[in-house]
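Here's the structure we're looking at; comments come further down.
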Amino acid sequence: MSFKKTTEATSHYDHLEKMTPVELLKNINAEDSKVPQAVEKAIPQIEALTSKVVACLKLGGRLFYMGAGTSGRLGVVDASEIPPTFGMDHGVVIGLIAGGDTAIRKAVEFAEDDKTQGWKDLKEHQIGINDIVIGIAASGTTPYVIGALEKCNTLNIATGCITCNEESPLALTAKYPVVAVVGPEFVTGSSRMKAGTAQKLILNMISTATMIQLGRVEGNKMVDMHLSNNKLVARGEKMLVDRLKISAIEATALLNKYRSVRNAIKNYSHE
């Protein structure tokens with residue numbers, strides 16, 4: 001199959017500037033509805049990649065996300081949510097973006113075009129044999145990502161990717177590729193839309209399934225979450241009330257004492 005960027009294909013819609021607001025919104029929504037179907041088709045690939053991530057983390061390895069622009073930001077977001085949500089140590093899941101932290105808020109021109117910088121960024125984190133690197137690129141052609149994965153492959157460091165173009169250079173480079181073909185964007189080439197949504201869904205799936213497999217969820221509750229604001233404290237108290245059949249006052253006292261839902265549950269029976 002010859003490589004063809006469907007993410008750059010012409011939109012199925014034209015004369016967007018002539019559409020009313022409601023027409024624009026309905027048409028965007030119609031396109032968005034195709035995304036979960038594309039992700040569903042990729043579940044076998046997602047399962048293979050997720051299983052490898054779990055295996056690496058069980059060996060003490062780390063998960064790196066790498067991307068540029070929207071793709072890089074999505075990786076950074078997913079990585080940043082792992083410690084507060086699942087109580088995982090900072091530095092186990094790491095998001096790297098072309099252009100560095102500045103690029104999270106403001107585009108850094110041509111940063112993604114440097115094929116050597118991705119590997120340099122990984123080396124700063126002392127990338128090792130038990131780690132796994134997932135390159136994120138809707139186009140599947142980002143040099144920053146591809147260069148890093150190629151170097152990882154030569155050193156037998158596990159590589160995966162999330163992309164939206166079949167037979168892309170990135171998909172052919174990664175040992176565990178995930179390809180979700182969402183088709184042309186509503187605004188031609190604007191891969192922050194359907195492609196970005198697909199990438200976000202897949203990242204949710206990989207990280208959440210991994211954390212569950214690593215024992216960071218009990219039942220269906222985030223028992224290891226960081227109690228970093230009043231909303232989360234209230235959620236933790238409710239978990240204890242429901243689980244231990246105690247009063248809200250008792251739950252508050254337990255959380256104040258043990259600072260963790262899991263620890264409160266574990267020690268309650270011994271009090």
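Scheme for the structure tokens: letters A, B, ... for chains in order shown; per-chain residue numbers from 1; ligand numbers from 1 in order shown.
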Can you pull out the residues contacting stretch 105-122 of chain A? Cut-off 7 Å, using only C-alpha atoms, and skip same-chain residues under 5 positions away; I want them as a tab-separated table (two decimals) with C-alpha atoms, in the first residue's frame.
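Output file selection.tsv follows:
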chain	number	residue	atom	x	y	z
A	68	ALA	CA	4.97	17.86	18.42
A	69	GLY	CA	2.21	20.45	18.46
A	98	ALA	CA	9.26	19.18	20.44
A	99	GLY	CA	10.45	22.62	21.45
A	127	ILE	CA	16.40	6.38	28.72
A	142	THR	CA	7.14	14.04	12.31
A	143	PRO	CA	10.99	13.87	12.19
A	144	TYR	CA	11.37	14.68	15.91
A	145	VAL	CA	9.39	11.54	16.76
A	147	GLY	CA	14.26	9.93	14.69
A	148	ALA	CA	13.86	9.12	18.37
A	151	LYS	CA	17.40	5.25	17.68
ask   = Contacts of A:Ser207 at 9 Å or less, counting only C-alpha atoms, minus same-chain residues fewer than 2 places along, as number ranges by chain?
value = A: 50, 53, 78-79, 82, 93, 202-205, 209-212
Written file, previous selection with C-alpha atoms, as a compact mmCIF listing (two decimals), in the first residue's frame:
# COMPACT_ATOMS: atom_id res chain seq x y z
CA THR A 50 -0.85 -1.55 26.33
CA VAL A 53 3.58 -0.82 28.47
CA ASP A 78 -1.98 12.46 29.81
CA ALA A 79 1.36 12.08 31.60
CA ILE A 82 -1.18 10.03 36.15
CA VAL A 93 5.02 8.52 32.82
CA ILE A 202 -6.34 6.13 22.76
CA LEU A 203 -4.12 7.77 25.37
CA ASN A 204 -6.97 7.50 27.87
CA MET A 205 -7.31 3.81 27.06
CA ALA A 209 -5.86 0.24 31.42
CA THR A 210 -2.18 0.24 32.40
CA MET A 211 -2.81 1.78 35.81
CA ILE A 212 -5.61 -0.69 36.49
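The spacing separating atom CA of A:Leu74 from atom CA of A:Gly60 amounts to 24.0 Å.
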message = When you count only C-alpha atoms, which of these residues is closest to A:Gly75: A:Ile94, A:Gln37, A:Val178, A:Glu8?
response =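 Checking each of A:Ile94, A:Gln37, A:Val178, A:Glu8 against A:Gly75, counting only C-alpha atoms, the winner is A:Ile94.
Within stretch 5-204 of chain A, DSSP run on the backbone puts these residues in strand (DSSP E): Leu63, Phe64, Tyr65, Met66, Gly67, Val93, Ile94, Gly95, Leu96, Ile97, Ile132, Val133, Ile134, Gly135, Ile136, Ala158, Thr159, Gly160, Cys161, Ile162, Thr163, Tyr176, Pro177, Val178 and Val179 of chain A.
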Export of the given selection (N, CA and C atoms) as a CSV table (one decimal), in the first residue's frame:
chain,number,residue,atom,x,y,z
A,63,LEU,N,7.3,5.1,31.0
A,63,LEU,CA,6.6,5.3,29.7
A,63,LEU,C,6.8,6.7,29.3
A,64,PHE,N,7.4,6.9,28.1
A,64,PHE,CA,7.6,8.2,27.5
A,64,PHE,C,6.6,8.4,26.4
A,65,TYR,N,6.0,9.6,26.4
A,65,TYR,CA,5.2,10.0,25.2
A,65,TYR,C,6.0,11.1,24.5
A,66,MET,N,6.0,11.1,23.2
A,66,MET,CA,6.8,12.0,22.4
A,66,MET,C,5.9,12.6,21.2
A,67,GLY,N,5.9,13.9,21.1
A,67,GLY,CA,5.1,14.4,20.0
A,67,GLY,C,5.4,15.9,19.7
A,93,VAL,N,5.6,8.2,34.1
A,93,VAL,CA,5.0,8.5,32.8
A,93,VAL,C,5.4,9.9,32.5
A,94,ILE,N,6.1,10.1,31.4
A,94,ILE,CA,6.8,11.4,31.0
A,94,ILE,C,6.3,11.8,29.6
A,95,GLY,N,5.9,13.1,29.5
A,95,GLY,CA,5.5,13.6,28.2
A,95,GLY,C,6.6,14.6,27.7
A,96,LEU,N,7.1,14.3,26.5
A,96,LEU,CA,8.1,15.2,25.9
A,96,LEU,C,7.5,15.8,24.6
A,97,ILE,N,7.7,17.1,24.4
A,97,ILE,CA,7.2,17.8,23.3
A,97,ILE,C,8.3,18.5,22.6
A,132,ILE,N,9.7,2.4,27.7
A,132,ILE,CA,9.0,2.3,26.4
A,132,ILE,C,8.7,3.7,25.9
A,133,VAL,N,8.8,3.9,24.6
A,133,VAL,CA,8.6,5.2,24.1
A,133,VAL,C,7.4,5.1,23.1
A,134,ILE,N,6.4,6.0,23.3
A,134,ILE,CA,5.3,6.0,22.3
A,134,ILE,C,5.3,7.4,21.6
A,135,GLY,N,5.5,7.3,20.3
A,135,GLY,CA,5.5,8.5,19.5
A,135,GLY,C,4.1,8.8,19.0
A,136,ILE,N,3.7,10.1,19.2
A,136,ILE,CA,2.4,10.5,18.8
A,136,ILE,C,2.4,11.5,17.7
A,158,ALA,N,11.8,-0.6,23.7
A,158,ALA,CA,10.5,-0.8,23.1
A,158,ALA,C,9.9,0.5,22.5
A,159,THR,N,9.2,0.4,21.4
A,159,THR,CA,8.6,1.6,20.8
A,159,THR,C,7.2,1.3,20.3
A,160,GLY,N,6.4,2.3,20.5
A,160,GLY,CA,5.0,2.3,20.0
A,160,GLY,C,4.7,3.6,19.4
A,161,CYS,N,3.5,3.7,18.8
A,161,CYS,CA,3.1,5.0,18.2
A,161,CYS,C,1.6,5.1,18.2
A,162,ILE,N,1.1,6.3,18.0
A,162,ILE,CA,-0.3,6.6,17.8
A,162,ILE,C,-0.4,7.6,16.6
A,163,THR,N,-1.0,7.1,15.5
A,163,THR,CA,-1.0,7.9,14.3
A,163,THR,C,-2.3,7.7,13.6
A,176,TYR,N,5.2,-1.3,18.0
A,176,TYR,CA,3.8,-1.6,18.4
A,176,TYR,C,3.0,-0.4,17.9
A,177,PRO,N,2.7,-0.3,16.6
A,177,PRO,CA,1.9,0.8,16.1
A,177,PRO,C,0.5,0.7,16.4
A,178,VAL,N,-0.1,1.9,16.6
A,178,VAL,CA,-1.6,2.0,16.7
A,178,VAL,C,-2.0,3.1,15.6
A,179,VAL,N,-2.9,2.6,14.7
A,179,VAL,CA,-3.3,3.5,13.6
A,179,VAL,C,-4.8,3.6,13.6
At a cut-off of 7 Å, using only C-alpha atoms, what residues contact stretch 164-170 of chain A? Leave out same-chain residues fewer than 5 positions from it and give the result as an mmCIF file with N, CA and C atoms, in the first residue's frame.
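Written file, out.cif:
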data_model
loop_
_atom_site.group_PDB
_atom_site.id
_atom_site.type_symbol
_atom_site.label_atom_id
_atom_site.label_comp_id
_atom_site.auth_asym_id
_atom_site.auth_seq_id
_atom_site.Cartn_x
_atom_site.Cartn_y
_atom_site.Cartn_z
ATOM 1 N N PHE A 3 1.858 5.102 0.690
ATOM 2 C CA PHE A 3 1.488 5.990 1.787
ATOM 3 C C PHE A 3 0.735 7.208 1.275
ATOM 4 N N LYS A 5 -1.574 10.466 2.963
ATOM 5 C CA LYS A 5 -2.031 11.139 4.178
ATOM 6 C C LYS A 5 -3.521 11.463 4.098
ATOM 7 N N THR A 6 -4.339 10.621 4.714
ATOM 8 C CA THR A 6 -5.771 10.942 4.746
ATOM 9 C C THR A 6 -6.034 12.135 5.654
ATOM 10 N N THR A 7 -5.114 12.392 6.592
ATOM 11 C CA THR A 7 -5.292 13.553 7.470
ATOM 12 C C THR A 7 -5.129 14.868 6.711
ATOM 13 N N ALA A 138 -0.206 12.654 14.335
ATOM 14 C CA ALA A 138 -1.354 12.396 13.464
ATOM 15 C C ALA A 138 -0.902 12.073 12.049
ATOM 16 N N SER A 139 0.052 12.837 11.552
ATOM 17 C CA SER A 139 0.532 12.648 10.180
ATOM 18 C C SER A 139 1.341 11.371 10.026
ATOM 19 N N GLY A 140 2.063 11.019 11.091
ATOM 20 C CA GLY A 140 2.960 9.868 11.013
ATOM 21 C C GLY A 140 4.266 10.187 10.311
ATOM 22 N N THR A 141 4.579 11.482 10.185
ATOM 23 C CA THR A 141 5.794 11.880 9.459
ATOM 24 C C THR A 141 6.699 12.811 10.261
ATOM 25 N N ILE A 146 10.063 10.345 14.775
ATOM 26 C CA ILE A 146 10.601 9.201 14.032
ATOM 27 C C ILE A 146 12.072 8.977 14.345
ATOM 28 N N VAL A 179 -2.859 2.620 14.711
ATOM 29 C CA VAL A 179 -3.290 3.485 13.610
ATOM 30 C C VAL A 179 -4.811 3.608 13.631
ATOM 31 N N ALA A 180 -5.298 4.817 13.869
ATOM 32 C CA ALA A 180 -6.738 5.088 13.864
ATOM 33 C C ALA A 180 -7.027 6.015 12.692
ATOM 34 N N VAL A 181 -7.608 5.465 11.641
ATOM 35 C CA VAL A 181 -7.847 6.239 10.411
ATOM 36 C C VAL A 181 -9.193 6.947 10.522
ATOM 37 N N VAL A 182 -9.131 8.245 10.793
ATOM 38 C CA VAL A 182 -10.358 9.016 11.000
ATOM 39 C C VAL A 182 -10.818 9.738 9.743
ATOM 40 N N ALA A 195 -8.380 13.799 14.402
ATOM 41 C CA ALA A 195 -7.161 13.063 14.723
ATOM 42 C C ALA A 195 -6.767 13.285 16.176
#
key: Exercise: A:Lys238 partners within 10 Å, only C-alpha atoms, chain neighbours under 3 positions left out, as a PyMOL selection string   = chain A and resi 232-235+241-248+251-252+261
task = Could you tell me how far atom CA of A:Met239 lies from atom CA of A:Tyr268, in Å and to one decimal?
result =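 Taking atom CA of A:Met239 as the start and atom CA of A:Tyr268 as the end point, the length is 13.2 Å.
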request  = May I have the residues within 12 Å of A:Leu16 as a list in words, using only C-alpha atoms and disregarding those fewer than 4 positions away in the same chain?
outcome  =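 After dropping sequence-adjacent residues, the list is Ser11, His12, Thr20, Pro21, Val22, Glu23, Leu24, Leu25, Asn27, Ile28, Phe186, Val187 and Thr188 of chain A.
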